[in-house]
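What's in upload_30.csv: CSV, C-alpha atoms
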```
chain,number,residue,atom,x,y,z
K,1142,MET,CA,95.4,99.4,92.5
K,1143,VAL,CA,96.8,96.2,93.9
K,1144,TRP,CA,96.9,92.8,92.2
K,1145,ILE,CA,96.7,89.7,94.4
K,1146,PRO,CA,96.4,86.0,93.4
K,1147,PHE,CA,94.1,84.0,95.6
K,1148,TRP,CA,96.8,81.5,96.3
K,1149,SER,CA,99.2,84.0,97.7
K,1150,ASN,CA,99.7,84.2,101.5
K,1151,ARG,CA,99.2,87.9,101.6
K,1152,GLY,CA,95.7,87.9,103.1
K,1153,LYS,CA,93.7,85.0,104.3
K,1154,LYS,CA,90.5,86.4,105.7
K,1155,ALA,CA,88.1,89.2,105.4
K,1156,GLU,CA,85.0,90.6,106.9
K,1157,ASP,CA,81.3,91.1,106.1
K,1158,THR,CA,81.0,94.1,103.9
K,1159,VAL,CA,82.0,97.7,104.4
K,1160,ALA,CA,81.4,101.2,105.7
K,1161,GLU,CA,78.6,103.6,105.3
K,1162,SER,CA,78.8,106.5,102.8
K,1163,ASN,CA,77.9,110.1,103.6
K,1164,SER,CA,74.3,109.3,102.7
K,1165,ALA,CA,72.0,107.3,104.9
K,1166,ALA,CA,72.6,103.5,105.1
K,1167,LYS,CA,70.9,101.4,102.4
K,1168,CYS,CA,69.1,98.2,102.8
K,1169,PRO,CA,71.4,95.2,101.8
K,1170,VAL,CA,68.6,93.8,99.7
K,1171,ASP,CA,68.0,95.3,96.2
K,1172,HIS,CA,64.6,96.9,96.4
K,1173,SER,CA,64.3,97.2,92.6
K,1174,LYS,CA,63.1,93.6,92.7
K,1175,PHE,CA,59.9,94.8,94.3
K,1176,PRO,CA,59.6,98.5,93.5
K,1177,LYS,CA,55.9,98.7,94.2
K,1178,ASN,CA,55.9,96.9,97.5
K,1179,GLU,CA,58.9,97.6,99.7
K,1180,ALA,CA,57.1,95.8,102.5
K,1181,ALA,CA,58.1,92.6,100.6
K,1182,CYS,CA,61.7,93.1,101.7
K,1183,PRO,CA,62.8,90.1,103.9
K,1184,VAL,CA,65.0,92.3,106.1
K,1185,ASP,CA,63.5,93.9,109.2
K,1186,HIS,CA,64.9,97.4,108.9
K,1187,THR,CA,64.3,98.1,112.5
K,1188,LYS,CA,66.9,95.5,113.5
K,1189,LEU,CA,69.8,96.5,111.3
K,1190,ASP,CA,73.2,96.9,113.0
K,1191,PRO,CA,74.4,100.4,112.1
K,1192,ARG,CA,78.0,99.3,112.0
K,1193,THR,CA,77.5,96.6,109.4
K,1194,ASN,CA,74.1,97.4,107.8
K,1195,MET,CA,73.2,93.8,108.3
K,1196,PRO,CA,70.5,92.2,110.6
K,1197,ALA,CA,71.7,92.6,114.2
K,1198,ASN,CA,70.2,89.2,115.2
K,1199,LEU,CA,71.8,87.3,112.3
K,1200,SER,CA,72.0,83.7,113.7
K,1201,PRO,CA,75.3,81.8,113.0
K,1202,THR,CA,73.5,78.4,113.2
K,1203,GLN,CA,70.0,78.9,111.8
K,1204,ARG,CA,69.5,76.9,108.6
K,1205,VAL,CA,67.5,78.1,105.6
K,1206,PRO,CA,64.4,76.2,104.6
K,1207,GLY,CA,65.2,73.3,102.4
K,1208,GLN,CA,68.9,73.3,103.1
K,1209,LYS,CA,70.4,70.0,102.3
K,1210,ILE,CA,74.1,70.3,103.4
K,1211,LEU,CA,75.3,71.0,107.0
K,1212,LEU,CA,77.5,74.0,106.8
K,1213,PRO,CA,80.1,75.1,109.4
K,1214,THR,CA,78.9,77.6,111.9
K,1215,GLU,CA,82.2,78.6,113.4
K,1216,ARG,CA,83.3,82.2,112.7
K,1217,THR,CA,86.9,83.3,112.0
K,1218,ILE,CA,88.5,86.2,113.8
K,1219,SER,CA,90.0,88.8,111.4
K,1220,SER,CA,93.1,90.9,111.9
K,1221,ILE,CA,91.0,94.1,111.6
K,1222,PRO,CA,90.5,96.2,114.8
K,1223,ARG,CA,86.8,96.7,115.5
K,1224,GLY,CA,84.9,99.9,116.6
K,1225,ASP,CA,86.4,102.9,118.4
K,1226,ASP,CA,87.7,101.2,121.5
K,1227,GLU,CA,90.3,98.5,122.0
K,1228,LYS,CA,87.9,96.7,124.2
K,1229,GLU,CA,85.9,95.8,121.1
K,1230,GLY,CA,88.6,93.6,119.9
K,1231,LEU,CA,88.7,92.4,116.3
K,1232,TRP,CA,86.0,91.9,113.6
K,1233,GLU,CA,84.6,88.4,113.1
K,1234,TYR,CA,84.0,87.0,109.7
K,1235,PRO,CA,80.7,85.3,108.8
K,1236,SER,CA,80.4,81.6,109.1
K,1237,PRO,CA,79.6,79.6,105.9
K,1238,GLN,CA,76.1,79.1,107.4
K,1239,GLN,CA,75.7,82.9,107.9
K,1240,MET,CA,77.0,83.5,104.3
K,1241,LEU,CA,74.3,81.2,102.9
K,1242,ASN,CA,71.6,82.8,105.0
K,1243,ALA,CA,72.7,86.2,103.7
K,1244,MET,CA,72.8,85.1,100.1
K,1245,VAL,CA,69.3,83.6,100.3
K,1246,ARG,CA,68.0,86.7,102.1
K,1247,LYS,CA,69.3,88.9,99.2
K,1248,GLY,CA,67.4,86.8,96.7
K,1249,HIS,CA,70.2,84.4,95.6
K,1250,LYS,CA,68.2,81.3,96.5
K,1251,ASP,CA,70.0,79.1,93.9
K,1252,THR,CA,73.4,79.5,95.6
K,1253,PRO,CA,75.1,76.1,95.5
K,1254,GLU,CA,75.4,75.1,99.2
K,1255,ALA,CA,78.6,73.1,98.6
K,1256,ASP,CA,80.4,76.2,97.2
K,1257,VAL,CA,79.6,78.4,100.2
K,1258,PRO,CA,82.8,77.6,102.3
K,1259,ALA,CA,85.0,78.5,99.3
K,1260,MET,CA,83.0,81.7,98.9
K,1261,VAL,CA,83.7,82.6,102.5
K,1262,ASP,CA,87.4,82.0,102.0
K,1263,VAL,CA,87.5,84.3,99.0
K,1264,HIS,CA,85.4,86.9,100.8
K,1265,ASN,CA,87.7,86.9,103.8
K,1266,PHE,CA,90.9,86.8,101.7
K,1267,LEU,CA,89.8,89.9,99.7
K,1268,ASN,CA,88.8,92.0,102.7
K,1269,GLU,CA,92.1,91.2,104.5
K,1270,GLY,CA,93.9,92.4,101.3
K,1271,ALA,CA,91.8,95.6,101.3
K,1272,TRP,CA,92.7,96.2,105.0
K,1273,ASP,CA,96.4,95.8,104.1
K,1274,GLU,CA,96.0,98.5,101.5
K,1275,ILE,CA,94.3,100.8,103.9
K,1276,LEU,CA,97.1,100.3,106.4
K,1277,LYS,CA,99.5,101.6,103.7
K,1278,TRP,CA,97.4,104.7,103.2
K,1279,GLU,CA,97.2,105.2,106.9
K,1280,GLN,CA,100.9,104.5,107.7
K,1281,LYS,CA,102.0,108.2,107.9
K,1282,TYR,CA,99.2,109.0,110.3
K,1283,THR,CA,100.0,106.0,112.4
K,1284,ASN,CA,103.6,107.1,112.6
K,1285,ILE,CA,102.4,110.5,113.8
K,1286,SER,CA,99.9,109.3,116.4
K,1287,GLY,CA,101.5,106.1,117.4
K,1288,LYS,CA,98.1,104.4,117.2
K,1289,ASN,CA,96.8,102.0,114.6
K,1290,PRO,CA,93.6,102.8,112.7
K,1291,ARG,CA,90.4,100.9,113.4
K,1292,LEU,CA,87.5,99.9,111.2
K,1293,LEU,CA,84.3,101.6,112.6
K,1294,LYS,CA,81.7,100.4,110.2
K,1295,PHE,CA,81.1,99.2,106.6
K,1296,THR,CA,78.5,98.6,103.9
K,1297,GLY,CA,78.5,96.7,100.7
K,1298,ARG,CA,77.3,98.7,97.6
K,1299,PRO,CA,77.4,96.2,94.7
K,1300,ASN,CA,74.8,98.2,92.8
K,1301,ASP,CA,76.5,101.6,93.1
K,1302,MET,CA,79.4,101.9,90.7
K,1303,SER,CA,82.0,104.4,92.0
K,1304,PRO,CA,82.8,107.5,89.9
K,1305,ARG,CA,86.3,106.2,89.3
K,1306,ALA,CA,85.0,102.8,88.1
K,1307,VAL,CA,82.6,104.6,85.8
K,1308,MET,CA,85.6,106.7,84.4
K,1309,ILE,CA,87.6,103.5,83.8
K,1310,GLN,CA,84.7,101.9,81.9
K,1311,VAL,CA,84.4,105.1,79.7
K,1312,LEU,CA,88.2,105.1,79.1
K,1313,GLY,CA,88.0,101.4,78.3
K,1314,ARG,CA,85.6,102.1,75.4
K,1315,ILE,CA,87.9,104.8,74.1
K,1316,TYR,CA,91.2,103.1,74.7
K,1317,PRO,CA,90.4,99.4,75.0
K,1318,SER,CA,94.0,98.2,74.7
K,1319,LYS,CA,95.0,100.2,77.8
K,1320,PHE,CA,92.0,100.6,80.0
K,1321,GLY,CA,89.6,97.8,78.8
K,1322,THR,CA,88.4,95.8,81.8
K,1323,GLU,CA,85.2,94.3,83.1
K,1324,PRO,CA,83.3,96.4,85.6
K,1325,PRO,CA,84.0,95.7,89.3
K,1326,PHE,CA,82.0,92.8,90.7
K,1327,ASP,CA,81.6,94.5,94.0
K,1328,ARG,CA,82.1,97.8,95.9
K,1329,HIS,CA,82.6,98.4,99.6
K,1330,ASP,CA,82.7,101.6,101.6
K,1331,TRP,CA,84.6,101.4,104.8
K,1332,THR,CA,84.7,104.0,107.6
K,1333,VAL,CA,88.1,104.0,109.3
K,1334,LEU,CA,89.0,105.7,112.6
K,1335,ARG,CA,92.2,107.7,112.3
K,1336,TYR,CA,94.0,109.1,115.3
K,1337,GLY,CA,95.6,112.5,115.4
K,1338,GLN,CA,98.8,113.6,117.0
K,1339,GLN,CA,96.9,114.7,120.2
K,1340,GLY,CA,94.8,111.5,120.3
K,1341,GLU,CA,91.8,113.2,118.5
K,1342,LYS,CA,89.6,110.8,116.5
K,1343,ASN,CA,88.8,111.4,112.8
K,1344,GLU,CA,86.5,109.3,110.6
K,1345,VAL,CA,87.8,108.6,107.1
K,1346,ARG,CA,85.8,106.9,104.4
K,1347,TYR,CA,87.5,104.5,102.0
K,1348,VAL,CA,86.1,103.2,98.7
K,1349,ILE,CA,87.1,99.8,97.5
K,1350,ASP,CA,86.3,98.4,94.0
K,1351,TYR,CA,86.8,94.7,93.5
K,1352,TYR,CA,87.8,93.4,90.0
K,1353,SER,CA,88.3,89.9,88.7
K,1354,GLY,CA,91.7,89.3,87.2
K,1355,GLU,CA,92.9,86.6,84.8
K,1356,LEU,CA,93.5,83.0,85.9
K,1357,GLU,CA,97.1,82.3,87.0
K,1358,GLU,CA,98.3,78.7,87.3
K,1359,GLY,CA,94.6,77.8,87.4
K,1360,TYR,CA,93.8,80.0,90.3
K,1361,PRO,CA,91.7,83.2,90.3
K,1362,THR,CA,93.3,86.6,90.8
K,1363,PHE,CA,91.8,89.8,91.9
K,1364,VAL,CA,92.5,93.5,91.6
K,1365,LEU,CA,91.6,95.8,94.5
K,1366,ASP,CA,91.3,99.5,93.9
K,1367,VAL,CA,91.5,100.9,97.5
K,1368,ARG,CA,91.6,104.7,98.1
K,1369,PRO,CA,90.2,107.4,100.4
K,1370,ALA,CA,86.9,108.9,99.2
K,1371,LEU,CA,87.2,112.4,97.8
K,1372,ASP,CA,85.0,113.9,100.5
K,1373,SER,CA,87.6,115.8,102.5
K,1374,PHE,CA,90.5,118.1,101.8
K,1375,GLN,CA,92.9,115.7,103.5
K,1376,SER,CA,91.8,112.7,101.4
K,1377,ILE,CA,92.2,114.8,98.2
K,1378,TYR,CA,95.7,115.8,99.3
K,1379,ASP,CA,96.6,112.2,100.1
K,1380,ARG,CA,95.5,110.9,96.7
K,1381,SER,CA,97.2,113.8,94.9
K,1382,GLU,CA,100.4,113.2,96.8
K,1383,LEU,CA,100.4,109.5,95.8
K,1384,TRP,CA,99.7,110.3,92.2
K,1385,SER,CA,102.5,113.0,92.1
K,1386,ARG,CA,105.0,110.5,93.7
K,1387,GLN,CA,104.2,107.8,91.2
K,1388,VAL,CA,104.6,110.2,88.3
K,1389,PHE,CA,107.9,111.4,89.7
K,1390,GLU,CA,109.2,107.9,90.2
K,1391,LYS,CA,108.2,106.8,86.7
K,1392,ALA,CA,110.0,109.8,85.3
K,1393,LEU,CA,113.1,108.7,87.1
K,1394,GLY,CA,112.7,105.2,85.7
K,1395,ARG,CA,111.9,103.7,89.2
K,1396,GLY,CA,108.2,103.0,88.4
K,1397,GLY,CA,107.3,99.3,88.7
K,1398,LYS,CA,104.3,97.1,89.4
K,1399,THR,CA,102.0,98.7,91.9
K,1400,GLU,CA,101.7,96.9,95.1
```
Show this structure as structure tokens.
Amino acid sequence: MVWIPFWSNRGKKAEDTVAESNSAAKCPVDHSKFPKNEAACPVDHTKLDPRTNMPANLSPTQRVPGQKILLPTERTISSIPRGDDEKEGLWEYPSPQQMLNAMVRKGHKDTPEADVPAMVDVHNFLNEGAWDEILKWEQKYTNISGKNPRLLKFTGRPNDMSPRAVMIQVLGRIYPSKFGTEPPFDRHDWTVLRYGQQGEKNEVRYVIDYYSGELEEGYPTFVLDVRPALDSFQSIYDRSELWSRQVFEKALGRGGKTE
């Protein structure tokens, strides 16, 4: 896990939400709100972008009905390489207006309009931090291939608690002094393109749990749990290797605060 205060200069931006799991993509709107009438979903499922699981025609300028405050419509460029080709450039983050549109579409119609720009800042900041952690996991493969990884697609899964997050909650009830923490406030799955030594392309799914930390100097802090999903032998090996190294370093008295 990595701890980052919001006021640090580590990451400043982020991106919509993140990659698809091995199962089929899910609608970004929680259908439990209308279980007997899925046709009531405000999202046109025929127009979802498979890379983001969001409406492909999402307008950066369209205002929601009854909107009282003019919100910025400019989008910020992230540091995250997009797609499977360098020609695709970098991912763009949603504008504050797009963020409000998305919140209203998902049923959060009481979202304070004045708070949306700050929400975008936090959203971008956290996802940049998550990408930094993925780059650390991918570093050895980058050294081998000589090519940086790219983010292929992503999806947000706030209603699906990861197995590891469930385990932490169970341990928290048994050993509250050591493991006690609130559940993650969000989960993302990101599909990353990893290059092999001969230039071959491999897709690797990462799971990211987002936790709220304690206030520090009046600012919020966050804890990101970023790791490869346990859905391939290589990912299992990578996580086992990291765990073994941390245990070894702790035994030698070199263990410190996880970055």
message = Taking (82.7, 77.7, 113.0) in the coordinates of the supplied file, I want to know which residues reach to within 12 Å of it, counting all atoms listed in the file; could you give the answer as JSON, numbers by chain?
response = {"K": [1201, 1202, 1211, 1212, 1213, 1214, 1215, 1216, 1217, 1218, 1233, 1234, 1235, 1236, 1237, 1238, 1239, 1240, 1258, 1261]}
10 Å contact set for Gly1230 (chain K), all atoms listed in the file, chain neighbours under 3 positions out, as JSON, numbers by chain = {"K": [1218, 1219, 1220, 1221, 1222, 1223, 1224, 1225, 1226, 1227, 1233, 1291]}
inquiry  = Residues near region 1303-1316 of chain K, anyone? I mean within 9 Å using all atoms listed in the file, not counting same-chain ones fewer than 4 positions away, as a list in words.
reply    = Phe1320, Gly1321, Thr1322, Glu1323, Pro1324, Pro1325, Arg1328, Val1348, Ile1349 and Asp1350 of chain K
Could you save the residues just selected, with C-alpha atoms, as a PDB file, in the coordinates of the input?
```
ATOM      1  CA  PHE K1320      92.000 100.600  80.000  1.00  0.00           C
ATOM      2  CA  GLY K1321      89.600  97.800  78.800  1.00  0.00           C
ATOM      3  CA  THR K1322      88.400  95.800  81.800  1.00  0.00           C
ATOM      4  CA  GLU K1323      85.200  94.300  83.100  1.00  0.00           C
ATOM      5  CA  PRO K1324      83.300  96.400  85.600  1.00  0.00           C
ATOM      6  CA  PRO K1325      84.000  95.700  89.300  1.00  0.00           C
ATOM      7  CA  ARG K1328      82.100  97.800  95.900  1.00  0.00           C
ATOM      8  CA  VAL K1348      86.100 103.200  98.700  1.00  0.00           C
ATOM      9  CA  ILE K1349      87.100  99.800  97.500  1.00  0.00           C
ATOM     10  CA  ASP K1350      86.300  98.400  94.000  1.00  0.00           C
TER      11      ASP K1350
END
```
query = Looking at K:Asp1379, K:Glu1358, K:Asp1301, K:Glu1390, which one is nearest to Glu1279 (chain K), with distances taken over all atoms listed in the file?
reply =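 Ranked by minimum distance to Glu1279 (chain K), first place goes to K:Asp1379.
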task = Compare K:Leu1334, K:Met1244, K:Met1302, K:Leu1267 by their minimum atom-to-atom distance to Asn1289 (chain K), counting all atoms listed in the file, and give me the closest one.
result =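 So, comparing all the options, the nearest one is K:Leu1334.
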ask   = Which residue, K:Met1260, K:Glu1274, K:Pro1206, K:Val1345, has the smallest gap to Arg1246 (chain K) when you use only C-alpha atoms?
value = K:Pro1206
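Distance-wise, CA of Tyr1336 (chain K) and CA of Ser1286 (chain K) end up 6.0 Å apart.
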inquiry  = Under the rule that all atoms listed in the file are counted, which of K:Gln1375, K:Gln1339, K:Thr1283, K:Gln1203 is the nearest residue to Ala1243 (chain K)?
reply    = K:Gln1203
key: Straight-line distance linking CA of His1329 (chain K) with CA of Thr1296 (chain K), stated in Å to one decimal   =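 Atom-to-atom, CA of His1329 (chain K) and CA of Thr1296 (chain K) are spaced 5.9 Å apart.
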query = If I put a ball of radius 12 Å at (98.9, 109.5, 120.0) in the file's coordinates, which residues poke into it when counting only C-alpha atoms, written as a PyMOL selection string?
reply = chain K and resi 1282-1290+1335-1342
key: For Lys1209 (chain K), the nearest of the candidates K:Gly1354, K:Pro1253, K:Val1245, K:Leu1231, counting all atoms listed in the file   = K:Pro1253
CA of Leu1383 (chain K) to CA of Phe1363 (chain K), straight-line distance in Å = 21.8 Å
message = My list of candidates is K:Ser1353, K:Ser1381, K:Gln1280, K:Asn1242. Which is closest to Asp1366 (chain K) when distances are computed with all atoms listed in the file?
response = K:Ser1353
request  = Might you pull out every residue within 12 Å of Arg1346 (chain K), with only C-alpha atoms counted and same-chain residues fewer than 2 positions away left off, and present them as a ChimeraX atom specification?
outcome  = /K:1159-1164,1275,1278-1279,1291-1296,1329-1335,1343-1344,1348-1349,1367-1373,1375-1377
